[in-house]
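Presented below is the structure to which this report refers.
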Amino acid sequence: MARATIPVRVRWLATAALCAVAASGCGKTPEAVFVSSKRTTDMIRPVQSRVEQAVAENFGTPQNLYASLRLPIDYGTAEGVVKEGGGAGSNHFTYEWTKPETAEQLKKVDLTGAAFVWDSGPNTNVTITRQRKDVPAEFQVIGYHPTEQSIELSINVPDNPEPGDKFRVIGFGMQSGRRLYMQHCMHCHGVSGDGNGPTARYLNPLPRDYRLGVFKFTSTSSRDKVSREDLHRIIRNGIPGTYMPSFLLLKDEELKAITEYVRWLAQRGEFESRLNAGLKDYSKPAIDEREKKGESRADVEKELTKAATSKEFIAEFDESIESAFAGLSRDWGRADEASSVIHPKSGRIDPVADAASIERGRKLYLSDKTKCASCHGLGGRGDGPQTTDVQKRSDGSEYDKPGLFDAWDKEIKPRDLTQGIYRGGRRPIDVYRRVYAGIKGTPMPSFNTALKENEIWDIVNYVLSVPYNGKAPPALKEAPVATTASTAEE
Amino acid sequence: MKKFWCLFFIFWPLVAALSFIVAPARGWWFPGPAASPLGSQIDDLFYLILVIVSVTFVLVMAAMGYAVWRASHNTEKSNFTHGSHSLEVIWTIVPAGILLFIALYQLDVWAQYRVKGRFPKGVLTAPIAEVTARQFEWRMRYPAPDRKFANEADVQKWLRQPEPGDLHSVNDLHVPTGTPVLIYLRTQDVQHSFFVPMLRVKQDAVPGLVIPVWFEAINEAKNVNPQLQGVVHEWVCAELCGWGHYKMKARVVSQPAPVFRKYLADLQREELDDGAKGAAPVAVVPGRDADLSVAGKQPVGGQPAVNE
């Protein structure tokens with residue numbers, strides 16, 4: 001009987017081919033890159049590359065982050081001294097940490113890849129020749145052996161480090177923040193923090209784009225940035241009513257590392273937009289505008305390109321880098337100062353003892369003084385008349401469709417207060433801060449000047465009573481303890 | 001070659017028989033002993049079924065091995081027969097009998113777990129919390145600590161209409177230990193599943209339904225987390241609910257009743273915080289970096305983290 005047989009060699013080949021397909025998987029993972037904002041890519045070529053270069057020089061790439069020490073960021077720094085050098089021309093030495101209490105913890109941290117700075121000794125001002133130019137050496141830790149207490153560096157030291165030479169290792173916290181961010185956050189918020197990760201398109205509302213440096217739910221006053229504690233709280237508790245889930249089960253140090261990395265990404269994005277702020281004349285929309293007015297496009301582009309390569313422009317641009325750093329350092333540093341956090345002087349009015357408070361709040365809510373109902377609606381359903389009006393942008397132009405928009409130019413709805421879902425937190429202090437300082441990046445204004453403290457509390461009581469048919473949660477009976485540890489402990 | 005296949009078919013029942021004994025004894029791939037009394041009964045059922053299927057499996061494989069071995073000596077061309085009628089009757093009736101036995105034997109445990117009338121007394125009118133699953137987290141709503149429910153209708157009213165004294169938390173369900181507790185399970189969006197392996201509890205959360213689920217956690221001293229004064233049970237979603245399914249990991253913490261009451265009191269204090277008294281914010285972040293004044297920048301190298 002004739003049998004159709006497959007030659008043995010073909011069978012082996014087929015198996016090998018199948019294994020090769022399986023081993024290669026579903027294609028290559030794309031390499032992580034920081035992308036430029038649209039405002040940057042809208043610039044004419046020379047200006048765009050200048051901005052991109054400035055950002056890259058100060059912040060690096062996802063694979064090789066730069067820690068600008070001018071920014072108020074805790075990159076994770078360890079200080080140590082040399083115990084014994086490995087000899088001139090070698091790249092290793094033994095060390096001792098300056099603070100013995102951190103030594104145990106540092107044993108568990110991987111310092112490989114972190115930056116290394118000599119603070120004293122013969123190697124402080126080592127330069128290396130790169131492209132026919134002497135530049136300060138950028139040391140990096142390439143080997144870390146906590147049991148032998150030795151460190152290997154990326155560059156050989158010309159002089160043998162002497163015992164007692166001081167050094168710092170910078171950036172291990174940042175590395176762990178990046179690792180965690182890439183694992184848990186990147187798929188929505190994107191590698192650059194632009195809110196455009198691969199899963200972002202499934203979400204409504206969209207994930208936050210950090211690059212404006214604006215975060216909505218903060219405890220700080222309306223002119224201040226988000227504080228570390230706010231970000232930590234949001235990552236830990238999530239944002240109900242959105243796709244931001246709670247990361248409660250992460251360890252506290254992991255949450256801190258993510259918080260710091262998010263702050264860094266936000267400052268990176270804000271740095272870029274601060275540079276762009278003064279360069280509007282060089283952008284496509286500005287050129288379009290001039291073309292419309294009758295100028296020749298080629299002429300305009302030629303003129304701008306010439307201006308952008310002038311000495312004055314470069315000097316001005318370098319100055320804007322300095323002022324961007326100064327601004328970032330000032331603003332983000334201030335956000336974590338205790339004085340930036342909003343604390344009402346008197347406690348909340350007890351809506352049970354003072355039953356009229358809710359009614360007073362309702363009248364204020366409906367009044368012309370606050371105009372709450374114009375957005376949130378008479379019944380608090382978030383359907384006020386403003387939501388069907390055409391709104392204006394900050395530059396005076398009108399949006400092309402009716403509705404409210406946020407700083408990211410996305411249509412947003414005023415909160416439906418009947419739902420009992422509070423994105424920024426449901427504690428009375430959270431709602432107080434929303435009214436007092438407004439919600440940053442949204443049309444929700446701050447009422448700290450228009451309303452007195454007790455009036456804000458009346459509104460808070462009214463808002464908190466809307467989901468419960470007119471009954472608000474009771475006020476706290478006793479003074480709160482400093483830490484509500486039971487919900488915060490691991 | 002024929003002999004090889006005989007040995008092949010005898011080898012696997014040996015491996016299976018060995019793993020049926022070794023795996024439960026050594027705890028391989030097992031979630032550890034049940035931390036609840038009903039869970040122990042469920043485990044007993046599991047082991048009973050494990051014994052039945054392992055014996056059946058070994059017998060069937062041995063019979064097959066024997067048949068193949070005997071036939072391997074036979075050089076005649078095979079001929080096909082109808083087979084044995086009585087043998088077919090036996091291998092239909094015996095498994096049917098076994099299945100019927102399992103079906104009847106497990107009824108009691110099933111009823112205790114699922115039938116409202118067999119729930120521990122009073123548990124239906126003393127819910128610990130309402131648990132709402134959503135993409136991709138679990139949100140808890142505890143009744144106010146002093147809230148007492150008169151009857152089931154009162155509980156239903158509470159489930160329909162939230163009350164101002166309710167307390168809220170996320171991904172963190174605390175329950176008192178040593179007593180049956182009940183949660184009402186619901187979902188805000190798609191189907192999810194409440195799964196706490198240590199407590200042997202698994203229940204789908206179905207859109208449109210509010211499902212009572214009860215369990216009792218017994219704390220074993222060696223598992224107690226000293227900081228929480230309770231045992232942390234891993235809690236996951238067991239229904240593929242979307243792209244973020246893997247994120248739906250939470251914890252159930254079983255604590256002695258006084259510690260549980262203190263937890264609720266702390267939660268209440270946190271939730272009613274008006275930020276005025278004791279104004280010091282909770283210190284969760286380090287102070288500003290002392291190195292801020294240093295100008296300049298340093299590279300922070302490392303491997304790309306994307307591929308991890």
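Chain labels follow the order of the structure tokens: the first chain is A, the next B, and so on; residue numbering restarts at 1 in every chain, and ligands are counted from 1 in their shown order.
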
Can you pull out the residues contacting Val181 in chain B? Cut-off 8 Å, using only C-alpha atoms, and skip same-chain residues under 2 positions away; I want them as a JSON list (two decimals) with C-alpha atoms, in the first residue's frame.
[["chain", "number", "residue", "atom", "x", "y", "z"],
["B", 123, "VAL", "CA", -25.18, 37.16, 58.96],
["B", 126, "ALA", "CA", -25.15, 42.30, 59.55],
["B", 127, "PRO", "CA", -23.18, 42.89, 56.36],
["B", 128, "ILE", "CA", -19.56, 43.94, 56.79],
["B", 175, "VAL", "CA", -13.07, 41.76, 58.41],
["B", 176, "PRO", "CA", -13.26, 40.50, 61.99],
["B", 179, "THR", "CA", -16.99, 34.96, 63.13],
["B", 183, "ILE", "CA", -20.30, 41.07, 51.99],
["B", 214, "TRP", "CA", -20.18, 34.89, 53.38],
["B", 215, "PHE", "CA", -16.99, 33.47, 54.81],
["B", 216, "GLU", "CA", -15.26, 33.04, 58.11]]

Discussion item. Would you pick out the contacts of Glu130 in chain B at 10 Å or less, using only C-alpha atoms, so that residues sharing its chain but fewer than 2 positions from it are not included, and give the list as a VMD selection string?
Written reply: chain B and resid 127 to 128 132 to 133 139 to 143 158 to 159 168 173 182 to 186 210 to 212

Just C-alpha atoms for this one: save the residues we selected as a PDB file, in the first residue's frame.
ATOM      1  CA  PRO B 127     -23.178  42.895  56.360  1.00  0.00           C
ATOM      2  CA  ILE B 128     -19.564  43.938  56.794  1.00  0.00           C
ATOM      3  CA  THR B 132     -18.073  46.986  44.217  1.00  0.00           C
ATOM      4  CA  ALA B 133     -15.787  45.707  41.498  1.00  0.00           C
ATOM      5  CA  ARG B 139     -14.145  49.585  46.204  1.00  0.00           C
ATOM      6  CA  MET B 140     -15.566  48.977  49.670  1.00  0.00           C
ATOM      7  CA  ARG B 141     -18.492  50.665  51.372  1.00  0.00           C
ATOM      8  CA  TYR B 142     -18.839  49.813  55.042  1.00  0.00           C
ATOM      9  CA  PRO B 143     -22.020  50.759  56.918  1.00  0.00           C
ATOM     10  CA  TRP B 158     -28.959  50.457  52.443  1.00  0.00           C
ATOM     11  CA  LEU B 159     -27.779  48.724  49.278  1.00  0.00           C
ATOM     12  CA  HIS B 168     -15.159  53.899  52.043  1.00  0.00           C
ATOM     13  CA  LEU B 173     -11.239  44.773  52.873  1.00  0.00           C
ATOM     14  CA  LEU B 182     -20.952  38.710  54.849  1.00  0.00           C
ATOM     15  CA  ILE B 183     -20.299  41.071  51.988  1.00  0.00           C
ATOM     16  CA  TYR B 184     -22.668  42.156  49.250  1.00  0.00           C
ATOM     17  CA  LEU B 185     -20.895  41.874  45.940  1.00  0.00           C
ATOM     18  CA  ARG B 186     -21.706  43.930  42.887  1.00  0.00           C
ATOM     19  CA  VAL B 210     -26.124  42.148  44.286  1.00  0.00           C
ATOM     20  CA  ILE B 211     -24.806  38.843  45.544  1.00  0.00           C
ATOM     21  CA  PRO B 212     -24.344  38.011  49.228  1.00  0.00           C
TER      22      PRO B 212
END

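A straight line drawn from CA of His85 in chain B to CA of Val60 in chain B is 18.0 Å long.
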
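Remark: for chain B, the closest of the candidate residues A:Gly89, A:Gly384, A:Pro30, A:Gly294 is A:Pro30 (distances computed over only C-alpha atoms).
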
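The smallest atom-to-atom distance between Phe139 in chain A and any of A:Val117, A:Ala407, A:Val300, A:Leu476, using only C-alpha atoms, is found for A:Val117.
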
Between A:Gly424, A:Gly213, A:Pro467, A:Pro402, smallest distance to chain B by only C-alpha atoms belongs to A:Pro467

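Minimum distance to Trp5 in chain B across B:Ala257, B:Val68, B:Met198, B:Val94 (counting only C-alpha atoms) occurs at B:Val68.
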
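Remark: for Glu220 in chain B, the closest of the candidate residues B:Gly39, B:Pro164, B:Pro180, B:Pro33 is B:Pro33 (distances computed over only C-alpha atoms).
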
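The nearest approach to chain B among the residues A:Asp350, A:Glu270, A:Asp42, A:Glu84, with only C-alpha atoms taken into account, belongs to A:Asp350.
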